[in-house]
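Student: Structure: final-v5.cif, mmCIF, C-alpha atoms.
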```
data_run
loop_
_atom_site.group_PDB
_atom_site.id
_atom_site.type_symbol
_atom_site.label_atom_id
_atom_site.label_comp_id
_atom_site.auth_asym_id
_atom_site.auth_seq_id
_atom_site.Cartn_x
_atom_site.Cartn_y
_atom_site.Cartn_z
ATOM 1 C CA MET A 1 -49.844 -8.513 4.459
ATOM 2 C CA SER A 2 -48.043 -5.641 6.159
ATOM 3 C CA ASN A 3 -45.498 -8.100 7.567
ATOM 4 C CA ASN A 4 -44.620 -9.174 4.044
ATOM 5 C CA SER A 5 -44.291 -5.620 2.829
ATOM 6 C CA GLU A 6 -42.131 -4.725 5.825
ATOM 7 C CA ARG A 7 -39.987 -7.743 5.133
ATOM 8 C CA ASP A 8 -39.672 -6.879 1.439
ATOM 9 C CA HIS A 9 -38.527 -3.373 2.395
ATOM 10 C CA SER A 10 -36.064 -4.786 4.920
ATOM 11 C CA ASP A 11 -34.700 -7.243 2.344
ATOM 12 C CA SER A 12 -34.276 -4.375 -0.106
ATOM 13 C CA GLU A 13 -32.306 -2.374 2.461
ATOM 14 C CA ASP A 14 -30.174 -5.437 3.216
ATOM 15 C CA ASP A 15 -29.484 -5.883 -0.498
ATOM 16 C CA GLU A 16 -28.401 -2.235 -0.754
ATOM 17 C CA ASP A 17 -26.158 -2.627 2.300
ATOM 18 C CA ASP A 18 -24.643 -5.813 0.840
ATOM 19 C CA LEU A 19 -24.019 -4.026 -2.454
ATOM 20 C CA SER A 20 -22.382 -1.032 -0.826
ATOM 21 C CA ASN A 21 -20.350 -3.282 1.452
ATOM 22 C CA GLU A 22 -19.205 -5.321 -1.559
ATOM 23 C CA ILE A 23 -18.056 -2.236 -3.460
ATOM 24 C CA LEU A 24 -16.884 0.027 -0.647
ATOM 25 C CA ASP A 25 -14.991 -0.280 2.578
ATOM 26 C CA LEU A 26 -17.727 1.448 4.538
ATOM 27 C CA ASP A 27 -15.399 2.487 7.370
ATOM 28 C CA ALA A 28 -13.112 4.326 4.927
ATOM 29 C CA PHE A 29 -16.051 5.847 3.042
ATOM 30 C CA ASN A 30 -17.744 6.994 6.251
ATOM 31 C CA GLN A 31 -14.476 8.563 7.350
ATOM 32 C CA LEU A 32 -14.451 10.494 4.068
ATOM 33 C CA LEU A 33 -18.061 11.562 4.606
ATOM 34 C CA SER A 34 -17.219 12.755 8.110
ATOM 35 C CA MET A 35 -15.046 15.463 6.533
ATOM 36 C CA ASP A 36 -18.132 17.102 5.048
ATOM 37 C CA ASP A 37 -19.577 20.126 6.812
ATOM 38 C CA ASP A 38 -22.473 19.076 9.065
ATOM 39 C CA THR A 39 -24.741 21.599 7.346
ATOM 40 C CA ASP A 40 -23.809 20.396 3.838
ATOM 41 C CA GLU A 41 -26.591 18.047 2.765
ATOM 42 C CA ASP A 42 -25.000 17.638 -0.680
ATOM 43 C CA TYR A 43 -21.678 16.272 0.631
ATOM 44 C CA GLU A 44 -19.862 18.819 -1.526
ATOM 45 C CA PHE A 45 -16.391 18.255 -0.061
ATOM 46 C CA SER A 46 -16.421 14.452 -0.277
ATOM 47 C CA ARG A 47 -18.150 14.599 -3.688
ATOM 48 C CA GLU A 48 -15.230 16.639 -5.068
ATOM 49 C CA ILE A 49 -12.726 14.173 -3.626
ATOM 50 C CA VAL A 50 -14.634 11.240 -5.141
ATOM 51 C CA GLN A 51 -14.869 12.989 -8.505
ATOM 52 C CA SER A 52 -11.113 13.660 -8.470
ATOM 53 C CA TYR A 53 -10.464 10.032 -7.546
ATOM 54 C CA LEU A 54 -12.646 8.740 -10.395
ATOM 55 C CA GLU A 55 -10.876 10.995 -12.913
ATOM 56 C CA GLN A 56 -7.479 9.981 -11.524
ATOM 57 C CA ALA A 57 -8.387 6.285 -11.640
ATOM 58 C CA LYS A 58 -9.549 6.553 -15.237
ATOM 59 C CA SER A 59 -6.282 8.236 -16.222
ATOM 60 C CA THR A 60 -4.202 5.729 -14.253
ATOM 61 C CA PHE A 61 -5.953 2.805 -15.933
ATOM 62 C CA ALA A 62 -5.031 4.336 -19.318
ATOM 63 C CA ASP A 63 -1.416 4.641 -18.153
ATOM 64 C CA MET A 64 -1.518 1.011 -17.002
ATOM 65 C CA ASP A 65 -2.776 -0.074 -20.419
ATOM 66 C CA GLN A 66 0.180 1.687 -22.037
ATOM 67 C CA ALA A 67 2.656 0.202 -19.560
ATOM 68 C CA LEU A 68 1.173 -3.265 -20.124
ATOM 69 C CA GLY A 69 1.539 -2.841 -23.886
ATOM 70 C CA ALA A 70 5.177 -1.825 -23.365
ATOM 71 C CA LYS A 71 5.683 -4.710 -20.877
ATOM 72 C CA ASP A 72 6.972 -2.160 -18.374
ATOM 73 C CA LEU A 73 6.626 -4.086 -15.131
ATOM 74 C CA SER A 74 8.282 -1.406 -13.028
ATOM 75 C CA LYS A 75 5.814 1.224 -14.255
ATOM 76 C CA LEU A 76 2.899 -1.161 -13.684
ATOM 77 C CA SER A 77 4.050 -1.783 -10.114
ATOM 78 C CA SER A 78 4.376 1.955 -9.480
ATOM 79 C CA LEU A 79 0.963 2.744 -10.968
ATOM 80 C CA GLY A 80 -0.591 -0.139 -9.020
ATOM 81 C CA HIS A 81 0.872 1.256 -5.802
ATOM 82 C CA PHE A 82 -0.390 4.764 -6.611
ATOM 83 C CA LEU A 83 -3.964 3.743 -7.434
ATOM 84 C CA LYS A 84 -4.065 1.279 -4.528
ATOM 85 C CA GLY A 85 -3.488 4.156 -2.117
ATOM 86 C CA SER A 86 -6.086 6.495 -3.559
ATOM 87 C CA SER A 87 -8.612 3.651 -3.808
ATOM 88 C CA ALA A 88 -8.044 2.879 -0.124
ATOM 89 C CA THR A 89 -8.669 6.518 0.790
ATOM 90 C CA ILE A 90 -12.086 6.465 -0.892
ATOM 91 C CA GLY A 91 -12.798 2.898 0.194
ATOM 92 C CA VAL A 92 -13.058 1.357 -3.281
ATOM 93 C CA LYS A 93 -11.817 -1.954 -1.988
ATOM 94 C CA LYS A 94 -11.899 -4.214 -5.048
ATOM 95 C CA VAL A 95 -9.975 -1.697 -7.179
ATOM 96 C CA GLN A 96 -7.573 -1.376 -4.257
ATOM 97 C CA GLU A 97 -7.147 -5.159 -4.153
ATOM 98 C CA CYS A 98 -6.526 -5.446 -7.908
ATOM 99 C CA CYS A 99 -3.975 -2.648 -7.728
ATOM 100 C CA LYS A 100 -2.212 -4.349 -4.840
ATOM 101 C CA HIS A 101 -1.921 -7.473 -6.999
ATOM 102 C CA ILE A 102 -0.598 -5.424 -9.925
ATOM 103 C CA GLN A 103 1.945 -3.784 -7.629
ATOM 104 C CA PHE A 104 3.264 -7.187 -6.464
ATOM 105 C CA LEU A 105 3.167 -8.755 -9.930
ATOM 106 C CA GLY A 106 5.074 -5.793 -11.371
ATOM 107 C CA LYS A 107 7.871 -6.739 -8.972
ATOM 108 C CA LEU A 108 7.605 -10.380 -10.129
ATOM 109 C CA HIS A 109 6.051 -11.495 -6.829
ATOM 110 C CA ASN A 110 2.918 -13.602 -6.498
ATOM 111 C CA MET A 111 -0.296 -11.651 -6.007
ATOM 112 C CA ASP A 112 0.011 -12.081 -2.242
ATOM 113 C CA GLY A 113 3.509 -10.584 -2.275
ATOM 114 C CA GLN A 114 5.132 -13.911 -1.462
ATOM 115 C CA GLY A 115 7.156 -16.074 -3.802
ATOM 116 C CA SER A 116 7.871 -15.164 -7.389
ATOM 117 C CA VAL A 117 6.539 -15.423 -10.917
ATOM 118 C CA ASP A 118 8.269 -15.077 -14.261
ATOM 119 C CA GLU A 119 7.741 -12.070 -16.500
ATOM 120 C CA ASP A 120 5.318 -13.753 -18.913
ATOM 121 C CA GLU A 121 3.142 -15.060 -16.079
ATOM 122 C CA ALA A 122 3.229 -11.647 -14.369
ATOM 123 C CA LEU A 123 2.107 -9.873 -17.544
ATOM 124 C CA LYS A 124 -0.705 -12.392 -18.081
ATOM 125 C CA LEU A 125 -1.925 -12.000 -14.498
ATOM 126 C CA ILE A 126 -1.597 -8.210 -14.625
ATOM 127 C CA ALA A 127 -3.770 -8.117 -17.762
ATOM 128 C CA LYS A 128 -6.427 -10.124 -15.883
ATOM 129 C CA GLU A 129 -6.206 -7.940 -12.755
ATOM 130 C CA LEU A 130 -6.369 -4.784 -14.867
ATOM 131 C CA ARG A 131 -9.540 -6.033 -16.564
ATOM 132 C CA ILE A 132 -11.113 -6.867 -13.199
ATOM 133 C CA GLY A 133 -9.993 -3.524 -11.744
ATOM 134 C CA LYS A 134 -11.660 -1.647 -14.589
ATOM 135 C CA GLU A 135 -14.886 -3.617 -14.111
ATOM 136 C CA GLU A 136 -14.836 -2.815 -10.400
ATOM 137 C CA TYR A 137 -14.132 0.846 -11.197
ATOM 138 C CA VAL A 138 -17.313 0.926 -13.291
ATOM 139 C CA LYS A 139 -19.331 -0.559 -10.425
ATOM 140 C CA ALA A 140 -17.861 1.923 -7.959
ATOM 141 C CA ASN A 141 -18.478 4.829 -10.341
ATOM 142 C CA GLU A 142 -22.122 3.818 -10.746
ATOM 143 C CA PHE A 143 -22.643 3.264 -7.015
ATOM 144 C CA LEU A 144 -20.977 6.536 -6.029
ATOM 145 C CA GLY A 145 -22.981 8.362 -8.706
ATOM 146 C CA PHE A 146 -26.136 6.896 -7.199
ATOM 147 C CA PHE A 147 -25.055 7.858 -3.670
ATOM 148 C CA TYR A 148 -24.212 11.461 -4.609
ATOM 149 C CA GLU A 149 -27.130 11.675 -7.064
ATOM 150 C CA THR A 150 -24.819 12.756 -9.857
ATOM 151 C CA ASP A 151 -23.372 11.379 -13.062
ATOM 152 C CA PHE A 152 -19.616 11.246 -12.602
ATOM 153 C CA THR A 153 -19.153 9.985 -16.156
ATOM 154 C CA ASP A 154 -20.003 13.423 -17.591
ATOM 155 C CA GLY A 155 -21.008 11.842 -20.870
ATOM 156 C CA ASP A 156 -17.954 9.550 -20.943
ATOM 157 C CA ASP A 157 -18.349 5.839 -21.456
ATOM 158 C CA ALA A 158 -17.709 4.610 -17.911
ATOM 159 C CA LYS A 159 -17.549 1.021 -19.116
ATOM 160 C CA ASP A 160 -14.003 1.549 -20.393
ATOM 161 C CA PRO A 161 -12.060 3.821 -18.052
ATOM 162 C CA SER A 162 -9.000 3.667 -20.270
ATOM 163 C CA ASP A 163 -10.549 5.500 -23.241
#
```
Take the structure in this file and express it as structure tokens.
Tutor:
Amino acid sequence: MSNNSERDHSDSEDDEDDLSNEILDLDAFNQLLSMDDDTDEDYEFSREIVQSYLEQAKSTFADMDQALGAKDLSKLSSLGHFLKGSSATIGVKKVQECCKHIQFLGKLHNMDGQGSVDEDEALKLIAKELRIGKEEYVKANEFLGFFYETDFTDGDDAKDPSD
């Protein structure tokens, strides 16, 4: 019986590792954590950086919504580039990936940066990537809140970062 319980615990840890690995680039996140003071059990420094990132991402998603409504591809590309970089710093890899796609599409390139798309197709694909990016933001916000044992939403509705 103890073998089963040990296995269940191990499977649970593996599931948590898979979840964190799916949401975060663990190398980037661990690099961020390494900036915390060794005596700081609350990860105060990295927590503040993560909180700033989450606020910045929420604001940038709102700006992207406005730019999408105005069909401002140049602005969308610029915002995608901006949020891609800050997402990479924290290690929020799926938001980073969506923003990379938005950056390319805003320049009328395919999502891989190669070839080209027309404006209507770019706007359609950007709307899809923006929706996915927001969903991934929510997952990252929840996971990071769990990791830091805090509620980064501060009463906000994290399900829609553009409100």
Student: Hey, could you pull the box centre and edge lengths for region 142-149 of chain A, axis-aligned, 3 Å padding per side, all listed atoms, to one decimal in Å, as lines of an AutoDock Vina configuration file?
Tutor:
```
center_x = -24.1
center_y = 7.5
center_z = -7.2
size_x = 12.2
size_y = 14.4
size_z = 13.1
```
Student: Using only C-alpha atoms, which protein or nucleic acid residues come within 10 Å of region 93-109 of chain A? Drop anything in the same chain fewer than 3 positions from it, and give the result as a PyMOL selection string.
Tutor: chain A and resi 21-26+28+57+64+68+71-90+112-140
Student: Only C-alpha atoms, please: the residues just picked out, written as a PDB file, in the coordinates of the input.
Tutor:
```pdb
ATOM      1  CA  ASN A  21     -20.350  -3.282   1.452  1.00  0.00           C
ATOM      2  CA  GLU A  22     -19.205  -5.321  -1.559  1.00  0.00           C
ATOM      3  CA  ILE A  23     -18.056  -2.236  -3.460  1.00  0.00           C
ATOM      4  CA  LEU A  24     -16.884   0.027  -0.647  1.00  0.00           C
ATOM      5  CA  ASP A  25     -14.991  -0.280   2.578  1.00  0.00           C
ATOM      6  CA  LEU A  26     -17.727   1.448   4.538  1.00  0.00           C
ATOM      7  CA  ALA A  28     -13.112   4.326   4.927  1.00  0.00           C
ATOM      8  CA  ALA A  57      -8.387   6.285 -11.640  1.00  0.00           C
ATOM      9  CA  MET A  64      -1.518   1.011 -17.002  1.00  0.00           C
ATOM     10  CA  LEU A  68       1.173  -3.265 -20.124  1.00  0.00           C
ATOM     11  CA  LYS A  71       5.683  -4.710 -20.877  1.00  0.00           C
ATOM     12  CA  ASP A  72       6.972  -2.160 -18.374  1.00  0.00           C
ATOM     13  CA  LEU A  73       6.626  -4.086 -15.131  1.00  0.00           C
ATOM     14  CA  SER A  74       8.282  -1.406 -13.028  1.00  0.00           C
ATOM     15  CA  LYS A  75       5.814   1.224 -14.255  1.00  0.00           C
ATOM     16  CA  LEU A  76       2.899  -1.161 -13.684  1.00  0.00           C
ATOM     17  CA  SER A  77       4.050  -1.783 -10.114  1.00  0.00           C
ATOM     18  CA  SER A  78       4.376   1.955  -9.480  1.00  0.00           C
ATOM     19  CA  LEU A  79       0.963   2.744 -10.968  1.00  0.00           C
ATOM     20  CA  GLY A  80      -0.591  -0.139  -9.020  1.00  0.00           C
ATOM     21  CA  HIS A  81       0.872   1.256  -5.802  1.00  0.00           C
ATOM     22  CA  PHE A  82      -0.390   4.764  -6.611  1.00  0.00           C
ATOM     23  CA  LEU A  83      -3.964   3.743  -7.434  1.00  0.00           C
ATOM     24  CA  LYS A  84      -4.065   1.279  -4.528  1.00  0.00           C
ATOM     25  CA  GLY A  85      -3.488   4.156  -2.117  1.00  0.00           C
ATOM     26  CA  SER A  86      -6.086   6.495  -3.559  1.00  0.00           C
ATOM     27  CA  SER A  87      -8.612   3.651  -3.808  1.00  0.00           C
ATOM     28  CA  ALA A  88      -8.044   2.879  -0.124  1.00  0.00           C
ATOM     29  CA  THR A  89      -8.669   6.518   0.790  1.00  0.00           C
ATOM     30  CA  ILE A  90     -12.086   6.465  -0.892  1.00  0.00           C
ATOM     31  CA  ASP A 112       0.011 -12.081  -2.242  1.00  0.00           C
ATOM     32  CA  GLY A 113       3.509 -10.584  -2.275  1.00  0.00           C
ATOM     33  CA  GLN A 114       5.132 -13.911  -1.462  1.00  0.00           C
ATOM     34  CA  GLY A 115       7.156 -16.074  -3.802  1.00  0.00           C
ATOM     35  CA  SER A 116       7.871 -15.164  -7.389  1.00  0.00           C
ATOM     36  CA  VAL A 117       6.539 -15.423 -10.917  1.00  0.00           C
ATOM     37  CA  ASP A 118       8.269 -15.077 -14.261  1.00  0.00           C
ATOM     38  CA  GLU A 119       7.741 -12.070 -16.500  1.00  0.00           C
ATOM     39  CA  ASP A 120       5.318 -13.753 -18.913  1.00  0.00           C
ATOM     40  CA  GLU A 121       3.142 -15.060 -16.079  1.00  0.00           C
ATOM     41  CA  ALA A 122       3.229 -11.647 -14.369  1.00  0.00           C
ATOM     42  CA  LEU A 123       2.107  -9.873 -17.544  1.00  0.00           C
ATOM     43  CA  LYS A 124      -0.705 -12.392 -18.081  1.00  0.00           C
ATOM     44  CA  LEU A 125      -1.925 -12.000 -14.498  1.00  0.00           C
ATOM     45  CA  ILE A 126      -1.597  -8.210 -14.625  1.00  0.00           C
ATOM     46  CA  ALA A 127      -3.770  -8.117 -17.762  1.00  0.00           C
ATOM     47  CA  LYS A 128      -6.427 -10.124 -15.883  1.00  0.00           C
ATOM     48  CA  GLU A 129      -6.206  -7.940 -12.755  1.00  0.00           C
ATOM     49  CA  LEU A 130      -6.369  -4.784 -14.867  1.00  0.00           C
ATOM     50  CA  ARG A 131      -9.540  -6.033 -16.564  1.00  0.00           C
ATOM     51  CA  ILE A 132     -11.113  -6.867 -13.199  1.00  0.00           C
ATOM     52  CA  GLY A 133      -9.993  -3.524 -11.744  1.00  0.00           C
ATOM     53  CA  LYS A 134     -11.660  -1.647 -14.589  1.00  0.00           C
ATOM     54  CA  GLU A 135     -14.886  -3.617 -14.111  1.00  0.00           C
ATOM     55  CA  GLU A 136     -14.836  -2.815 -10.400  1.00  0.00           C
ATOM     56  CA  TYR A 137     -14.132   0.846 -11.197  1.00  0.00           C
ATOM     57  CA  VAL A 138     -17.313   0.926 -13.291  1.00  0.00           C
ATOM     58  CA  LYS A 139     -19.331  -0.559 -10.425  1.00  0.00           C
ATOM     59  CA  ALA A 140     -17.861   1.923  -7.959  1.00  0.00           C
TER      60      ALA A 140
END
```
Student: Measure the distance from CA of Ser59 (chain A) to CA of Asp27 (chain A) in Å and round it to one decimal.
Tutor: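 For CA of Ser59 (chain A) relative to CA of Asp27 (chain A), the distance reads 25.9 Å.
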Student: Can you list, as a list in words, every protein, DNA or RNA residue that comes within 10 Å of Arg47 (chain A) when you count all atoms listed in the file, leaving out same-chain residues fewer than 2 positions away?
Tutor: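 Everything that qualifies: Leu32, Leu33, Asp36, Asp42, Tyr43, Glu44, Phe45, Ile49, Val50, Gln51, Ser52, Tyr53, Leu144, Gly145, Phe147, Tyr148, Thr150 and Phe152 of chain A.
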Student: By how many Å are CA of Phe29 (chain A) and CA of Glu48 (chain A) apart?
Tutor: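 Computing it gives 13.5 Å between the two atoms.
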Student: If you measure from CA of Ser20 (chain A) to CA of Phe143 (chain A), what distance in Å do you get, rounded to one decimal?
Tutor: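 One can read the CA of Ser20 (chain A) to CA of Phe143 (chain A) distance as 7.5 Å.
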Student: Find the residue from A:Asp65, A:Ala70, A:Leu54, A:Val92 that sits nearest to Asp151 (chain A); use only C-alpha atoms when measuring.
Tutor: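 So, comparing all the options, the nearest one is A:Leu54.
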